[in-house]
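These notes concern the structure reproduced below.
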Amino acid sequence: MRQGKYPFVIGFLALPVLLYSVFVIAPYAQAFQLAMTSWRGVGTPKWVGFDNFRRLFEDEAFWKAVQHHGILLLALPLITIAIALYFAFMLNVGGGSRGGERVGVRGSGFYRVVFFFPQVLAVAIIAVLFQMVYRPNESGLINGVLMKLGLDPVFFLIRPNLALWSIIGVLVWQAVGFYVVLFSAGMASIPTEIYEAAEMDGASRVVLFFRVTLPLLWDTLQVAWVYLGIAAFDCFAIVAVLSVDSGGPDGATTVLAVEIYRNAFVYSRYGYASAMGVALFFLTITFAALTLRVSKRESVEY
Amino acid sequence: MSASPDHTSDRVDSSATTGAGLPAVLGAANRRTVLRRAAAAGLLATPAAGLLSACATSGGDDEGNTDQDTGTKSATNPLGVKEDAALEIIIFNGGYGEKYATDVHEKLYQTAFPKAQIKHQATQAVSTVLQPRFAGGDPPEFVNNSGEKFLDFGALVADGQMQDLTELWDAPSVDDPSKKVRDTLIPGVVEQGMFSTADGSRKPYVLYYVSTVYGIWYSGKLFKDNGWTAPTTWEQFTALCEKIKAKGITPFGYAGANAAYYQWNVILTQAAKVGGPDVLKNIDNLEADAWKAEPVIQAAKAWAEIGAKYGDKSFEGLKHTDVQLRQNQNKLAFYPSGDWLENEQKKDTPAGFEYQLMAVPSLTASDKLPAGAIRAAGGEGYFVSAKSKNPRGGMEYMRQMLSKAGARGFTETVGAATVVPAGSEGYQFPPGVASSQAALKAAGANVFNMMFDNWYKELDTEARTATNELMFGRASAEQWAERIQKRADAIKSDSSVAKFKR
């Protein structure tokens with residue numbers, strides 16, 4: 001066995017590594033190369049050095065997008081995790097104990113399935129769905145009701161300071177189900193004896209949650225935070241389909257992926273779009289490194 | 001003529017697909033590490049969205065085909081096409097479909113050159129299909145460069161990829177050898193397809209084939225039933241808007257979500273009427289303060305008022321199809337668009353609706369152009385690749401398209417008029433196109449066009465955004481002009497953008 005080790009390992013690795021190089025590494029390398037050119041889609045790319053990056057610094061749309069990613073990075077994980085944790089707790093632990101076993105609130109099996117529904121839908125479909133929900137006139141799901149009640153319609157996607165939050169709402173709606181399942185799985189593996197012991201000491205549900213569930217779930221939370229952070233750096237499909245004027249009104253909901261798309265496929269500025277892609281790449285890498293470092297904490301062994 | 005980017009991409013975020021099955025399957029001990037690794041893998045996968053792949057820059061020889069096919073010129077073959085040379089046709093499969101090419105134009109070419117082999121390909125993403133071909137030096141002969149993903153004309157010109165069409169325009173036409181091809185077209189069409197090259201000269205590169213007339217549309221039936229007539233002056237227009245509003249119908253509206261350019265088109269058309277077509281020429285040529293010219297500001301002010309008084313704020317969140325549907329339901333009276341509208345709405349238009357076009361009304365008594373003046377242009381661009389094997393065949397194909405039979409066949413297949421008037425003579429257009437064709441005829445020489453949105457997409461985007469701000473009450477006419485002018489100046493000083501003049 002020991003003798004044939006290297007051929008064996010190489011035999012297994014060669015194909016995946018080759019595929020990875022061709023379909024992942026090579027396009028990356030090419031994007032870095034294109035970012036240094038003023039390529040417009042046809043002809044030989046012209047080398048312009050760091051011009052594209054210099055332009056990035058003065059590009060209002062770029063900074064608007066970065067700012068929105070900042071908001072998304074804070075809001076999306078916070079809101080999603082908070083809601084998902086609450087639901088997961090209620091579904092698994094919140095119902096008290098029955099026969100020495102922690103159970104969820106009544107009907108929790110049903111809720112668990114229902115909460116997961118949005119996760120099954122394709123993002124584009126969700127965006128189209130919410131076009132109906134947010135529609136600013138009497139045929140919108142929300143505004144239709146409001147207007148029937150004689151109230152003024154709410155312009156979810158039109159009011160510049162409401163538009164981004166309307167989109168965050170959709171992102172949260174879509175993400176919560178998955179994290180409920182993730183946290184449920186985490187909670188299921190917390191030994192019941194700990195809960196029992198805490199309850200015997202007179203701990204209320206709130207105390208149970210903050211003193212027992214949360215610390216023992218830390219690792220899962222950390223993973224959730226990274227996932228949601230990555231999602232916050234994307235948001236392309238939702239913004240492109242749902243927002244007014246692709247990232248509008250007046251750039252109020254734009255994100256980097258939308259700006260990249262616009263520069264590449266509308267303005268034919270492939271070089272500049274690649275430079276944005278490179279910027280996004282470094283932003284994402286930095287975020288992940290930071291999160292994994294900051295959230296490193298002694299995990300409780302049980 | 002959809003106005004929004006392609007919305008088909010539905011990348012699901014990688015977190016969902018990588019993580020969904022894991023927690024249940026794996027034990028508690030290694031679940032954490034696996035999840036963490038999966039998260040790291042997700043990290044690497046996500047930014048790929050931003051990084052453009054494709055081996056588009058992989059090179060190939062840039063000179064293209066040096067041994068191009070030529071044949072002997074004759075009366076039936078004035079462009080000297082090699083009779084058995086193959087010809088590749090790329091058609092944008094959009095609003096007009098591909099049938100007009102396969103059933104009409106390609107057949108005409110085949111009849112003229114029976115030995116030629118025609119290769120037909122239709123696509124909805126022209127640039128995706130063709131970028132590698134141009135980069136690799138093997139472009140197809142004939143390209144219908146249209147749709148959301150068309151190849152940037154400026155980049156094509158700069159790279160010398162388009163065939164100079166001068167020879168075609170000067171060739172005798174198919175139907176009447178004593179008439180040059182250029183003389184069989186609506187005036188201005190050849191001019192519209194001209195681009196400035198790097199050495200400063202201007203050459204015709206593009207054939208704009210479909211006749212497009214822009215204006216404000218209303219339902220003939222709704223107006224007849226209410227005894228309203230299409231206004232020609234601003235006073236009549238606002239007075240009628242009052243009446244319409246009193247009836248509970250929204251007088252005027254456009255779709256802010258994705259079709260704001262319908263509205264800047266109205267504002268600039270108005271400006272051209274007030275100050276003459278040179279106003280638009282200055283804008284196209286990126287002249288200093290062209291957007292801040294008095295007639296432009298005046299027009300923007302007037303329309304901002306219409307937006308505030310007779311518009312509907314919710315339209316900013318609607319797409320063009322939504323607003324067009326409202327017009328079909330008689331909830332909206334006036335809607336600005338081009339004459340593709342009638343065909344686009346065919347399915348939703350109730351019987352007897354009767355689309356009618358009216359020219360943008362005169363703003364003042366001292367307008368430079370008469371009330372009937374309209375914006376009309378050729379739409380749908382076609383070019384021949386200069387570096388293809390058989391560019392002469394490509395030009396001959398165009399000559400066949402521009403024959404009476406070619407134009408007629410197109411009109412009969414798709415219901416739109418071409419830039420060849422002889423082709424639509426005596427054809428029974430539906431009421432909307434009939435009214436726009438009548439308006440075009442009535443306008444006579446008072447027809448103008450603008451090109452900046454084709455030349456500089458970024459300026460188009462800025463104008464759209466600014467126009468929404470203006471029409472929905474968040475910016476004044478001055479602010480509107482200021483910000484578009486700023487973008488125009490930025491484009492002017494940007495050396496990476498090819499500039500055009502007319």
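Identifiers for the structure tokens are assigned positionally: chains receive A, B, ... in sequence, residues are indexed from 1 per chain, and ligands are indexed from 1 in the order shown.
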
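All residues in segment 56-290 of chain A with a DSSP state of strand (DSSP E), computed from the backbone, read A:Ser97, A:Arg98, A:Glu101, A:Arg102.
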
Worksheet item: Leaving out segment 105-112 of chain A and any residue of its chain fewer than 4 positions from it, which residues lie within 8 Å of it when counting only C-alpha atoms, given as number ranges by chain?
Response: A: 90-96, 116, 177, 180-181

Residues from last step as file, C-alpha atoms, as a tab-separated table (two decimals), in the first residue's frame:
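The result, written out as out.tsv:
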```
chain	number	residue	atom	x	y	z
A	90	MET	CA	-39.44	27.73	19.34
A	91	LEU	CA	-39.56	24.75	17.02
A	92	ASN	CA	-37.12	22.64	19.03
A	93	VAL	CA	-36.96	23.77	22.59
A	94	GLY	CA	-39.67	26.34	23.12
A	95	GLY	CA	-42.48	23.89	23.86
A	96	GLY	CA	-41.08	22.79	27.21
A	116	PHE	CA	-38.21	25.99	4.19
A	177	GLY	CA	-35.92	28.89	6.24
A	180	VAL	CA	-33.97	27.54	10.80
A	181	VAL	CA	-33.06	24.08	9.56
```

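Here atom CA of Ser219 of chain B and atom CA of Tyr310 of chain B stand 17.4 Å from one another.
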
Fill in: All residues 9 Å or closer to Met276 of chain A, only C-alpha atoms, same chain fewer than 5 positions away omitted, as a ChimeraX atom specification
/A:35,52-53,56,62,256-257,259-260,271,281 /B:50-51

What does the file look like for those residues with C-alpha atoms, as a compact mmCIF listing (two decimals), in the first residue's frame?
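Saved file part_22.txt follows:
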```
# COMPACT_ATOMS: atom_id res chain seq x y z
CA ALA A 35 -8.75 44.44 -15.44
CA ASN A 52 -9.34 51.17 -14.34
CA PHE A 53 -8.67 51.08 -10.63
CA LEU A 56 -12.98 53.07 -9.64
CA PHE A 62 -19.06 51.94 -7.35
CA LEU A 256 -21.37 45.50 -7.30
CA ALA A 257 -22.57 42.57 -9.37
CA GLU A 259 -22.59 47.47 -11.76
CA ILE A 260 -20.29 44.81 -13.19
CA GLY A 271 -11.84 45.82 -18.82
CA PHE A 281 -12.88 39.48 -5.07
CA GLY B 50 -17.85 39.26 -10.98
CA LEU B 51 -14.97 37.82 -12.87
```

Worksheet item: Do you know which residues are at most 7 Å from Pro361 of chain B counting only C-alpha atoms, after dropping those on the same chain fewer than 5 positions away, and could you put them as a list in words?
Response: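 In the requested format, the answer is Pro231, Thr232, Thr233, Trp234 and Ala371 of chain B.
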
Item to complete: Write out as a list of chain:residue names which residues come within 7 Å of Ser38 of chain A when counting only C-alpha atoms, dropping same-chain ones fewer than 4 positions away.
Response: A:Pro45, A:Lys46, A:Trp47, A:Val48, A:Gly271, A:Tyr272, B:Ser496

Please write the residues from the selection above to a file, keeping N, CA, C and O atoms, as a short mmCIF file (atom, residue, chain, number, x, y, z; two decimals), in the first residue's frame.
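The result, stored in again-v2.cif:
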```cif
data_model
loop_
_atom_site.label_atom_id
_atom_site.label_comp_id
_atom_site.auth_asym_id
_atom_site.auth_seq_id
_atom_site.Cartn_x
_atom_site.Cartn_y
_atom_site.Cartn_z
N PRO A 45 -7.15 43.44 -26.57
CA PRO A 45 -7.20 44.32 -25.40
C PRO A 45 -5.98 45.23 -25.33
O PRO A 45 -4.86 44.79 -25.59
N LYS A 46 -6.22 46.48 -24.99
CA LYS A 46 -5.11 47.43 -24.87
C LYS A 46 -4.74 47.58 -23.40
O LYS A 46 -5.59 47.81 -22.54
N TRP A 47 -3.47 47.43 -23.10
CA TRP A 47 -2.98 47.49 -21.72
C TRP A 47 -3.05 48.93 -21.22
O TRP A 47 -2.56 49.85 -21.86
N VAL A 48 -3.68 49.13 -20.07
CA VAL A 48 -3.75 50.49 -19.53
C VAL A 48 -3.25 50.57 -18.09
O VAL A 48 -3.41 51.58 -17.42
N GLY A 271 -13.03 45.63 -19.64
CA GLY A 271 -11.84 45.82 -18.82
C GLY A 271 -12.21 46.43 -17.47
O GLY A 271 -11.81 45.93 -16.41
N TYR A 272 -13.01 47.47 -17.50
CA TYR A 272 -13.41 48.15 -16.28
C TYR A 272 -14.25 47.23 -15.39
O TYR A 272 -14.07 47.18 -14.17
N SER B 496 -10.79 56.24 -23.61
CA SER B 496 -11.07 54.84 -23.97
C SER B 496 -12.39 54.71 -24.73
O SER B 496 -12.72 53.63 -25.22
#
```

Item to complete: Could you give me the residues within segment 306-466 of chain B that DSSP places in alpha helix (DSSP H), as a PyMOL selection string?
Response: chain B and resi 306-310+320-328+341-344+391-401+404-414+421-424+431-443+452-455+457-466

Contacts of Arg159 of chain A at 10 Å or less, counting only C-alpha atoms, minus same-chain residues fewer than 2 places along, as a compact mmCIF listing (two decimals) with C-alpha atoms, in the first residue's frame?
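Final output, selection.txt:
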```txt
# COMPACT_ATOMS: atom_id res chain seq x y z
CA VAL A 154 -46.51 52.45 0.03
CA PHE A 155 -43.92 52.84 -2.72
CA PHE A 156 -41.63 50.05 -1.59
CA LEU A 157 -39.22 50.02 -4.49
CA ASN A 161 -34.69 55.43 1.25
CA LEU A 162 -37.09 52.51 1.42
CA ALA A 163 -36.01 50.59 -1.69
CA LEU A 164 -32.90 48.92 -0.28
CA SER A 166 -37.55 46.36 0.72
CA GLY A 248 -32.43 52.31 -8.92
CA PRO A 249 -34.08 54.64 -8.23
CA ALA A 252 -30.40 53.49 -4.41
CA GLU B 316 -42.07 54.70 -11.61
CA GLY B 317 -42.25 51.17 -10.25
```

Discussion item. Show me, as a ChimeraX atom specification, the residues that have an atom within 12 Å of Glu242 of chain B when counting only C-alpha atoms, minus same-chain residues fewer than 6 positions from it.
Written reply: /B:228,235-236,248-252,306,309-311,333

Worksheet item: Which one of A:Gly70, A:Pro27, A:Pro118, A:Gly4 sits closest to chain B if you count only C-alpha atoms?
Response: A:Pro27

Worksheet item: Which is closest to chain B among A:Gln222, A:Thr253, A:Ser204, A:Thr80, if we use only C-alpha atoms?
Response: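 Checking each of A:Gln222, A:Thr253, A:Ser204, A:Thr80 against chain B, counting only C-alpha atoms, the winner is A:Gln222.
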
Fill in: Interatomic distance (Å, one decimal) between atom CA of Thr213 of chain A and atom CA of Gln174 of chain A
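Result for atom CA of Thr213 of chain A versus atom CA of Gln174 of chain A: 24.1 Å, one decimal.
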
Item to complete: Counting only C-alpha atoms, figure out which residue out of B:Gly80, B:Gly256, B:Gly381, B:Gly394 gets nearest to chain A.
Response: B:Gly256

Worksheet item: To one decimal place, how far is atom CA of Ala112 of chain B from atom CA of Pro139 of chain B in Å?
Response: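 That distance, rounded to one decimal, is 23.4 Å.
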